[in-house]
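Asks: So here's protein.txt (compact mmCIF, C-alpha atoms).
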# COMPACT_ATOMS: atom_id res chain seq x y z
CA MET Y 913 55.03 -32.25 -1.67
CA LYS Y 914 53.25 -34.05 1.19
CA PHE Y 915 55.19 -31.99 3.74
CA SER Y 916 54.29 -28.65 2.12
CA PHE Y 917 50.59 -29.64 1.93
CA LYS Y 918 50.59 -30.46 5.66
CA LEU Y 919 52.41 -27.24 6.47
CA VAL Y 920 49.96 -25.16 4.44
CA SER Y 921 47.02 -26.99 6.07
CA VAL Y 922 48.36 -26.32 9.55
CA LEU Y 923 48.98 -22.65 8.72
CA ILE Y 924 45.44 -22.25 7.39
CA LEU Y 925 43.99 -23.86 10.53
CA LEU Y 926 46.08 -21.59 12.74
CA LEU Y 927 44.94 -18.54 10.80
CA LEU Y 928 41.28 -19.55 11.07
CA PHE Y 929 41.64 -20.35 14.78
CA SER Y 930 43.35 -17.03 15.57
CA SER Y 931 40.75 -15.02 13.66
CA ALA Y 932 37.96 -16.88 15.49
CA ILE Y 933 39.54 -16.00 18.83
CA HIS Y 934 39.95 -12.37 17.74
CA ALA Y 935 36.29 -12.19 16.66
CA GLN Y 936 35.04 -13.19 20.11
CA GLU Y 937 33.50 -10.54 22.27
CA LEU Y 938 35.81 -10.14 25.27
CA PRO Y 939 34.14 -8.51 28.30
CA PHE Y 940 35.50 -5.21 29.58
CA TYR Y 941 35.00 -6.22 33.21
CA ASP Y 942 34.89 -9.25 35.47
CA PHE Y 943 32.02 -8.19 37.75
CA ASP Y 944 29.44 -9.60 40.15
CA GLN Y 945 27.44 -6.38 40.63
CA VAL Y 946 26.43 -3.42 38.47
CA ASP Y 947 25.18 -0.17 39.96
CA TYR Y 948 23.25 2.15 37.67
CA TYR Y 949 23.02 5.89 38.30
CA SER Y 950 21.05 8.41 36.27
CA ILE Y 951 20.02 12.03 36.47
CA ASP Y 952 17.15 13.87 34.85
CA ILE Y 953 18.54 17.29 33.96
CA SER Y 954 17.79 19.36 30.90
CA THR Y 955 20.36 20.86 28.59
CA GLN Y 956 18.98 24.29 29.51
CA ASP Y 957 19.59 23.64 33.22
CA ILE Y 958 23.17 22.61 32.45
CA SER Y 959 23.67 25.75 30.34
CA GLU Y 960 22.41 27.91 33.20
CA ILE Y 961 25.08 26.40 35.46
CA GLU Y 962 27.76 26.82 32.79
CA TYR Y 963 26.89 30.41 31.94
CA GLN Y 964 25.88 32.15 35.14
CA ARG Y 965 25.77 35.85 34.44
CA LYS Y 966 26.27 38.59 36.92
CA LYS Y 967 23.14 40.59 37.61
CA ASN Y 968 22.54 43.40 35.11
CA SER Y 969 25.72 42.54 33.24
CA PHE Y 970 27.04 40.65 30.26
CA GLU Y 971 29.91 39.32 32.37
CA TYR Y 972 29.89 35.76 33.61
CA GLU Y 973 30.39 34.80 37.22
CA LYS Y 974 33.12 32.41 38.13
CA ILE Y 975 31.67 28.93 38.47
CA SER Y 976 31.84 27.53 42.00
CA LYS Y 977 34.01 24.51 42.72
CA LYS Y 978 30.86 22.45 43.40
CA ASP Y 979 29.29 23.43 40.04
CA SER Y 980 32.60 22.86 38.28
CA LEU Y 981 32.79 19.28 39.59
CA PHE Y 982 29.15 18.69 38.67
CA LEU Y 983 29.81 19.89 35.11
CA SER Y 984 32.87 17.63 34.93
CA LEU Y 985 30.66 14.69 35.90
CA LEU Y 986 28.17 15.54 33.16
CA ARG Y 987 30.40 16.81 30.35
CA ASN Y 988 33.98 15.60 30.78
CA ASN Y 989 36.05 12.50 31.43
CA TYR Y 990 35.80 12.85 35.20
CA PRO Y 991 36.85 10.68 36.92
CA GLU Y 992 39.90 9.61 34.95
CA THR Y 993 40.71 6.85 37.43
CA ILE Y 994 38.58 4.67 39.66
CA GLN Y 995 37.61 6.40 42.88
CA GLU Y 996 35.88 4.42 45.62
CA ASP Y 997 33.92 7.53 46.74
CA PHE Y 998 32.57 8.15 43.22
CA PRO Y 999 29.09 6.69 43.98
CA GLU Y 1000 28.71 9.07 46.95
CA LYS Y 1001 29.62 12.01 44.71
CA LEU Y 1002 26.96 10.95 42.22
CA ILE Y 1003 24.28 10.83 44.94
CA LYS Y 1004 25.48 14.20 46.29
CA TYR Y 1005 24.92 15.79 42.86
CA GLY Y 1006 21.43 14.38 42.39
CA PHE Y 1007 22.01 11.11 40.54
CA LYS Y 1008 19.53 8.38 41.44
CA LYS Y 1009 20.72 4.83 41.99
CA THR Y 1010 18.69 2.01 40.45
CA ASP Y 1011 19.30 -1.64 41.15
CA ILE Y 1012 19.76 -3.80 38.08
CA ASP Y 1013 18.27 -7.29 38.11
CA LYS Y 1014 21.04 -9.89 37.98
CA LYS Y 1015 19.15 -11.59 35.13
CA ARG Y 1016 20.26 -8.67 32.95
CA TYR Y 1017 23.97 -9.13 33.72
CA PRO Y 1018 24.71 -11.46 30.78
CA GLU Y 1019 23.22 -8.92 28.36
CA ILE Y 1020 25.12 -6.06 30.03
CA ASN Y 1021 28.28 -8.15 29.84
CA THR Y 1022 27.75 -8.62 26.10
CA ILE Y 1023 27.18 -4.91 25.54
CA PHE Y 1024 30.25 -3.92 27.56
CA SER Y 1025 32.58 -6.13 25.54
CA GLU Y 1026 35.31 -5.69 22.97
CA LYS Y 1027 33.69 -5.97 19.53
CA PRO Y 1028 35.00 -6.70 16.06
CA CYS Y 1029 32.40 -4.52 14.33
CA ASN Y 1030 32.64 -0.78 13.80
CA ASP Y 1031 29.56 1.28 13.00
CA ASP Y 1032 31.58 4.53 12.90
CA LEU Y 1033 29.27 6.36 15.29
CA GLY Y 1034 31.01 9.70 14.79
CA SER Y 1035 29.30 12.42 16.74
CA PHE Y 1036 29.35 16.18 16.55
CA CYS Y 1037 27.48 17.00 19.72
CA ILE Y 1038 28.63 17.92 23.20
CA PRO Y 1039 28.01 14.86 25.37
CA THR Y 1040 26.01 14.95 28.57
CA PHE Y 1041 26.65 11.81 30.58
CA ARG Y 1042 23.34 11.35 32.37
CA ASP Y 1043 23.72 7.56 32.74
CA ILE Y 1044 26.56 5.94 34.65
CA PHE Y 1045 27.30 2.27 35.26
CA ILE Y 1046 29.61 1.21 38.08
CA PHE Y 1047 30.92 -2.33 37.86
CA ARG Y 1048 31.97 -4.10 41.05
CA LYS Y 1049 33.72 -7.32 41.98
CA LYS Y 1050 33.54 -8.35 45.65
CA ASP Y 1051 32.28 -4.84 46.54
CA GLN Y 1052 35.32 -3.14 44.92
CA ILE Y 1053 34.81 -0.86 41.93
CA VAL Y 1054 36.48 -2.42 38.89
CA GLY Y 1055 35.08 -0.13 36.21
CA ILE Y 1056 33.01 2.93 35.38
CA ALA Y 1057 31.11 3.66 32.17
CA LYS Y 1058 29.51 7.06 31.56
CA ILE Y 1059 26.99 7.05 28.72
CA CYS Y 1060 25.51 9.78 26.51
CA TYR Y 1061 22.75 8.20 24.44
CA SER Y 1062 22.03 11.28 22.33
CA CYS Y 1063 25.65 11.62 21.11
CA HIS Y 1064 26.41 7.88 21.13
CA LEU Y 1065 29.49 8.53 23.24
CA ALA Y 1066 30.89 6.87 26.33
CA THR Y 1067 33.71 7.38 28.78
CA ILE Y 1068 34.93 4.00 30.01
CA ILE Y 1069 37.61 3.40 32.62
CA GLY Y 1070 38.98 0.37 34.42
CA THR Y 1071 39.45 -1.99 31.49
CA GLU Y 1072 42.47 -3.10 29.51
CA ARG Y 1073 40.28 -4.09 26.56
CA ASN Y 1074 39.95 -2.08 23.36
CA ILE Y 1075 36.96 0.21 23.89
CA ARG Y 1076 37.19 1.89 20.48
CA ASN Y 1077 34.15 0.06 19.04
CA PHE Y 1078 31.96 0.37 22.14
CA GLY Y 1079 28.39 1.10 21.14
CA SER Y 1080 28.71 -0.33 17.65
CA CYS Y 1081 26.57 -3.26 16.51
CA GLY Y 1082 23.51 -1.39 17.85
CA ASP Y 1083 24.72 -1.57 21.45
CA PHE Y 1084 23.69 1.98 22.41
CA ARG Y 1085 20.15 1.15 21.34
CA LYS Y 1086 20.25 -2.22 23.15
CA LEU Y 1087 21.53 -0.60 26.34
CA GLN Y 1088 18.94 2.15 26.12
CA GLU Y 1089 16.16 -0.42 25.72
CA LEU Y 1090 17.58 -2.57 28.51
CA MET Y 1091 17.54 0.42 30.87
CA ASN Y 1092 14.09 1.56 29.63
CA LYS Y 1093 15.42 4.93 28.47
Represent the structure of the file as structure tokens.
Replies:
Amino acid sequence: MKFSFKLVSVLILLLLFSSAIHAQELPFYDFDQVDYYSIDISTQDISEIEYQRKKNSFEYEKISKKDSLFLSLLRNNYPETIQEDFPEKLIKYGFKKTDIDKKRYPEINTIFSEKPCNDDLGSFCIPTFRDIFIFRKKDQIVGIAKICYSCHLATIIGTERNIRNFGSCGDFRKLQELMNK
């Protein structure tokens, strides 16, 4: 009887300990620098690039390679892997770089973390990723997060963590406030 009580007690402690570890917020990235890029472009301007019509016609022109890449930056999961020249591409397409005060890094680290909560932020809009965070460690890019505040969607690469619940727990709002958006 004593043995089974001890065994049950140990099992309960192990269960509580493992659930406490699972409930911790594990950061997506180990970083020492965050670069923030944003672009001020209207949905109408994006539509004009997407649907360029031939003069005096209902036919659409083929989108140039440059415009196609720009649309992929704004609308799709581009890049799918980390590319060291990605920041230069952002600048080339009109994104503005803003330095983030290192005092904000702990809050950014908390936002970009694996979370136990799930707000089910289902979205039915077409995302436009106007805000992009590039995470660096020793000047090397370790992660990229593209954010669409209006759809509550993100494209996140460079982490092994579970990103499924990113933005839940009010994190889109917190990030938007943090970046004064």
Asks: Mind checking which residues fall within 9 Å of range 949-954 of chain Y, counting all atoms listed in the file, ignoring those fewer than 4 positions away in the same chain, and posting them as a PDB file with C-alpha atoms, in the coordinates of the input?
Replies:
ATOM      1  CA  ILE Y 958      23.170  22.610  32.450  1.00  0.00           C
ATOM      2  CA  SER Y 959      23.670  25.750  30.340  1.00  0.00           C
ATOM      3  CA  PRO Y 999      29.090   6.690  43.980  1.00  0.00           C
ATOM      4  CA  LEU Y1002      26.960  10.950  42.220  1.00  0.00           C
ATOM      5  CA  ILE Y1003      24.280  10.830  44.940  1.00  0.00           C
ATOM      6  CA  TYR Y1005      24.920  15.790  42.860  1.00  0.00           C
ATOM      7  CA  GLY Y1006      21.430  14.380  42.390  1.00  0.00           C
ATOM      8  CA  PHE Y1007      22.010  11.110  40.540  1.00  0.00           C
ATOM      9  CA  LYS Y1008      19.530   8.380  41.440  1.00  0.00           C
ATOM     10  CA  LYS Y1009      20.720   4.830  41.990  1.00  0.00           C
ATOM     11  CA  THR Y1010      18.690   2.010  40.450  1.00  0.00           C
ATOM     12  CA  ASP Y1011      19.300  -1.640  41.150  1.00  0.00           C
ATOM     13  CA  PHE Y1041      26.650  11.810  30.580  1.00  0.00           C
ATOM     14  CA  ARG Y1042      23.340  11.350  32.370  1.00  0.00           C
ATOM     15  CA  ASP Y1043      23.720   7.560  32.740  1.00  0.00           C
ATOM     16  CA  ILE Y1044      26.560   5.940  34.650  1.00  0.00           C
ATOM     17  CA  PHE Y1045      27.300   2.270  35.260  1.00  0.00           C
ATOM     18  CA  ILE Y1046      29.610   1.210  38.080  1.00  0.00           C
TER      19      ILE Y1046
END
Asks: Which residue is closest to Cys1037 in chain Y? Choose from Y:Gly1055, Y:Asn1077, Y:Arg987, Y:Phe998 and count all atoms listed in the file.
Replies: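 Comparing Y:Gly1055, Y:Asn1077, Y:Arg987, Y:Phe998 against Cys1037 in chain Y, the winner is Y:Arg987.
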Asks: With distances taken over all atoms listed in the file, which of Y:Arg1076, Y:Lys1050, Y:His1064, Y:Lys1001 is nearest to Ser1025 in chain Y?
Replies: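 Of Y:Arg1076, Y:Lys1050, Y:His1064, Y:Lys1001, the one nearest Ser1025 in chain Y, counting all atoms listed in the file, is Y:Arg1076.
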Asks: Near Lys1027 in chain Y, counting all atoms listed in the file, which residues have an atom at most 10 Å away, once you skip same-chain residues fewer than 4 positions from it, shown as a list in words?
Replies: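 Counting all atoms listed in the file, the residues come to His934, Ala935, Gln936, Glu937, Leu938, Pro939, Thr1022, Ile1023, Arg1073, Asn1074, Ile1075, Arg1076, Asn1077, Phe1078, Gly1079, Ser1080 and Cys1081 of chain Y.
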Asks: Write to file, as a compact mmCIF listing (two decimals), in the frame of the given file, the residues of the selection just made, with C-alpha atoms.
Replies:
# COMPACT_ATOMS: atom_id res chain seq x y z
CA HIS Y 934 39.95 -12.37 17.74
CA ALA Y 935 36.29 -12.19 16.66
CA GLN Y 936 35.04 -13.19 20.11
CA GLU Y 937 33.50 -10.54 22.27
CA LEU Y 938 35.81 -10.14 25.27
CA PRO Y 939 34.14 -8.51 28.30
CA THR Y 1022 27.75 -8.62 26.10
CA ILE Y 1023 27.18 -4.91 25.54
CA ARG Y 1073 40.28 -4.09 26.56
CA ASN Y 1074 39.95 -2.08 23.36
CA ILE Y 1075 36.96 0.21 23.89
CA ARG Y 1076 37.19 1.89 20.48
CA ASN Y 1077 34.15 0.06 19.04
CA PHE Y 1078 31.96 0.37 22.14
CA GLY Y 1079 28.39 1.10 21.14
CA SER Y 1080 28.71 -0.33 17.65
CA CYS Y 1081 26.57 -3.26 16.51
Asks: Up to 7 Å from (24.5, -2.9, 40.7) in the file's coordinates: name the residues, counting all atoms listed in the file, as a VMD selection string.
Replies: chain Y and resid 945 to 948 1011 to 1012
Asks: Record the distance separating CA of Leu985 in chain Y and CA of Lys1014 in chain Y, expressed in Å with one decimal.
Replies: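 Taking CA of Leu985 in chain Y as the start and CA of Lys1014 in chain Y as the end point, the length is 26.5 Å.
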Asks: What does the distance between CA of Lys1086 in chain Y and CA of Cys1063 in chain Y come to in Å, to one decimal place?
Replies: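 CA of Cys1063 in chain Y lies at a distance of 15.0 Å from CA of Lys1086 in chain Y.
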Asks: How many Å separate CA of Glu1072 in chain Y from CA of Glu1026 in chain Y?
Replies: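 So the answer is 10.0 Å.
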Asks: How would range 982-1004 of chain Y read, as a PDB file, in the coordinates of the input, once N, CA, C and O atoms are built in?
Replies:
ATOM      1  N   PHE Y 982      30.391  19.213  39.239  1.00  0.00           N
ATOM      2  CA  PHE Y 982      29.150  18.690  38.670  1.00  0.00           C
ATOM      3  C   PHE Y 982      29.201  18.708  37.145  1.00  0.00           C
ATOM      4  O   PHE Y 982      28.837  17.728  36.488  1.00  0.00           O
ATOM      5  N   LEU Y 983      29.681  19.800  36.570  1.00  0.00           N
ATOM      6  CA  LEU Y 983      29.810  19.890  35.110  1.00  0.00           C
ATOM      7  C   LEU Y 983      30.826  18.875  34.580  1.00  0.00           C
ATOM      8  O   LEU Y 983      30.638  18.310  33.503  1.00  0.00           O
ATOM      9  N   SER Y 984      31.880  18.642  35.339  1.00  0.00           N
ATOM     10  CA  SER Y 984      32.870  17.630  34.930  1.00  0.00           C
ATOM     11  C   SER Y 984      32.247  16.238  34.924  1.00  0.00           C
ATOM     12  O   SER Y 984      32.559  15.419  34.060  1.00  0.00           O
ATOM     13  N   LEU Y 985      31.375  15.973  35.878  1.00  0.00           N
ATOM     14  CA  LEU Y 985      30.660  14.690  35.900  1.00  0.00           C
ATOM     15  C   LEU Y 985      29.797  14.524  34.640  1.00  0.00           C
ATOM     16  O   LEU Y 985      29.763  13.460  34.034  1.00  0.00           O
ATOM     17  N   LEU Y 986      29.119  15.602  34.279  1.00  0.00           N
ATOM     18  CA  LEU Y 986      28.170  15.540  33.160  1.00  0.00           C
ATOM     19  C   LEU Y 986      28.819  15.668  31.793  1.00  0.00           C
ATOM     20  O   LEU Y 986      28.355  15.054  30.831  1.00  0.00           O
ATOM     21  N   ARG Y 987      29.871  16.460  31.673  1.00  0.00           N
ATOM     22  CA  ARG Y 987      30.400  16.810  30.350  1.00  0.00           C
ATOM     23  C   ARG Y 987      31.783  16.236  30.023  1.00  0.00           C
ATOM     24  O   ARG Y 987      32.129  16.126  28.862  1.00  0.00           O
ATOM     25  N   ASN Y 988      32.575  15.948  31.036  1.00  0.00           N
ATOM     26  CA  ASN Y 988      33.980  15.600  30.780  1.00  0.00           C
ATOM     27  C   ASN Y 988      34.297  14.159  31.162  1.00  0.00           C
ATOM     28  O   ASN Y 988      33.415  13.396  31.511  1.00  0.00           O
ATOM     29  N   ASN Y 989      35.579  13.844  31.129  1.00  0.00           N
ATOM     30  CA  ASN Y 989      36.050  12.500  31.430  1.00  0.00           C
ATOM     31  C   ASN Y 989      36.317  12.295  32.922  1.00  0.00           C
ATOM     32  O   ASN Y 989      37.159  11.497  33.291  1.00  0.00           O
ATOM     33  N   TYR Y 990      35.627  13.022  33.763  1.00  0.00           N
ATOM     34  CA  TYR Y 990      35.800  12.850  35.200  1.00  0.00           C
ATOM     35  C   TYR Y 990      34.952  11.704  35.685  1.00  0.00           C
ATOM     36  O   TYR Y 990      33.778  11.645  35.323  1.00  0.00           O
ATOM     37  N   PRO Y 991      35.474  10.800  36.469  1.00  0.00           N
ATOM     38  CA  PRO Y 991      36.850  10.680  36.920  1.00  0.00           C
ATOM     39  C   PRO Y 991      37.710  10.000  35.865  1.00  0.00           C
ATOM     40  O   PRO Y 991      37.200   9.247  35.043  1.00  0.00           O
ATOM     41  N   GLU Y 992      38.987  10.252  35.905  1.00  0.00           N
ATOM     42  CA  GLU Y 992      39.900   9.610  34.950  1.00  0.00           C
ATOM     43  C   GLU Y 992      40.435   8.289  35.488  1.00  0.00           C
ATOM     44  O   GLU Y 992      40.934   7.466  34.727  1.00  0.00           O
ATOM     45  N   THR Y 993      40.331   8.110  36.792  1.00  0.00           N
ATOM     46  CA  THR Y 993      40.710   6.850  37.430  1.00  0.00           C
ATOM     47  C   THR Y 993      39.593   6.428  38.372  1.00  0.00           C
ATOM     48  O   THR Y 993      38.747   7.246  38.744  1.00  0.00           O
ATOM     49  N   ILE Y 994      39.621   5.175  38.756  1.00  0.00           N
ATOM     50  CA  ILE Y 994      38.580   4.670  39.660  1.00  0.00           C
ATOM     51  C   ILE Y 994      38.762   5.292  41.034  1.00  0.00           C
ATOM     52  O   ILE Y 994      39.857   5.314  41.590  1.00  0.00           O
ATOM     53  N   GLN Y 995      37.637   5.805  41.551  1.00  0.00           N
ATOM     54  CA  GLN Y 995      37.610   6.400  42.880  1.00  0.00           C
ATOM     55  C   GLN Y 995      36.508   5.704  43.669  1.00  0.00           C
ATOM     56  O   GLN Y 995      35.356   5.671  43.236  1.00  0.00           O
ATOM     57  N   GLU Y 996      36.850   5.163  44.823  1.00  0.00           N
ATOM     58  CA  GLU Y 996      35.880   4.420  45.620  1.00  0.00           C
ATOM     59  C   GLU Y 996      34.743   5.317  46.124  1.00  0.00           C
ATOM     60  O   GLU Y 996      33.644   4.834  46.387  1.00  0.00           O
ATOM     61  N   ASP Y 997      34.979   6.626  46.261  1.00  0.00           N
ATOM     62  CA  ASP Y 997      33.920   7.530  46.740  1.00  0.00           C
ATOM     63  C   ASP Y 997      33.070   8.093  45.596  1.00  0.00           C
ATOM     64  O   ASP Y 997      32.198   8.923  45.823  1.00  0.00           O
ATOM     65  N   PHE Y 998      33.307   7.635  44.376  1.00  0.00           N
ATOM     66  CA  PHE Y 998      32.570   8.150  43.220  1.00  0.00           C
ATOM     67  C   PHE Y 998      31.052   7.977  43.367  1.00  0.00           C
ATOM     68  O   PHE Y 998      30.306   8.929  43.083  1.00  0.00           O
ATOM     69  N   PRO Y 999      30.550   6.822  43.815  1.00  0.00           N
ATOM     70  CA  PRO Y 999      29.090   6.690  43.980  1.00  0.00           C
ATOM     71  C   PRO Y 999      28.501   7.743  44.934  1.00  0.00           C
ATOM     72  O   PRO Y 999      27.414   8.277  44.669  1.00  0.00           O
ATOM     73  N   GLU Y1000      29.204   8.052  46.009  1.00  0.00           N
ATOM     74  CA  GLU Y1000      28.710   9.070  46.950  1.00  0.00           C
ATOM     75  C   GLU Y1000      28.644  10.442  46.283  1.00  0.00           C
ATOM     76  O   GLU Y1000      27.728  11.220  46.535  1.00  0.00           O
ATOM     77  N   LYS Y1001      29.638  10.731  45.437  1.00  0.00           N
ATOM     78  CA  LYS Y1001      29.620  12.010  44.710  1.00  0.00           C
ATOM     79  C   LYS Y1001      28.418  12.077  43.774  1.00  0.00           C
ATOM     80  O   LYS Y1001      27.779  13.126  43.654  1.00  0.00           O
ATOM     81  N   LEU Y1002      28.110  10.972  43.116  1.00  0.00           N
ATOM     82  CA  LEU Y1002      26.960  10.950  42.220  1.00  0.00           C
ATOM     83  C   LEU Y1002      25.669  11.252  42.979  1.00  0.00           C
ATOM     84  O   LEU Y1002      24.856  12.066  42.542  1.00  0.00           O
ATOM     85  N   ILE Y1003      25.481  10.605  44.117  1.00  0.00           N
ATOM     86  CA  ILE Y1003      24.280  10.830  44.940  1.00  0.00           C
ATOM     87  C   ILE Y1003      24.242  12.292  45.403  1.00  0.00           C
ATOM     88  O   ILE Y1003      23.192  12.942  45.356  1.00  0.00           O
ATOM     89  N   LYS Y1004      25.387  12.817  45.816  1.00  0.00           N
ATOM     90  CA  LYS Y1004      25.480  14.200  46.290  1.00  0.00           C
ATOM     91  C   LYS Y1004      25.011  15.190  45.215  1.00  0.00           C
ATOM     92  O   LYS Y1004      24.403  16.211  45.524  1.00  0.00           O
TER      93      LYS Y1004
END
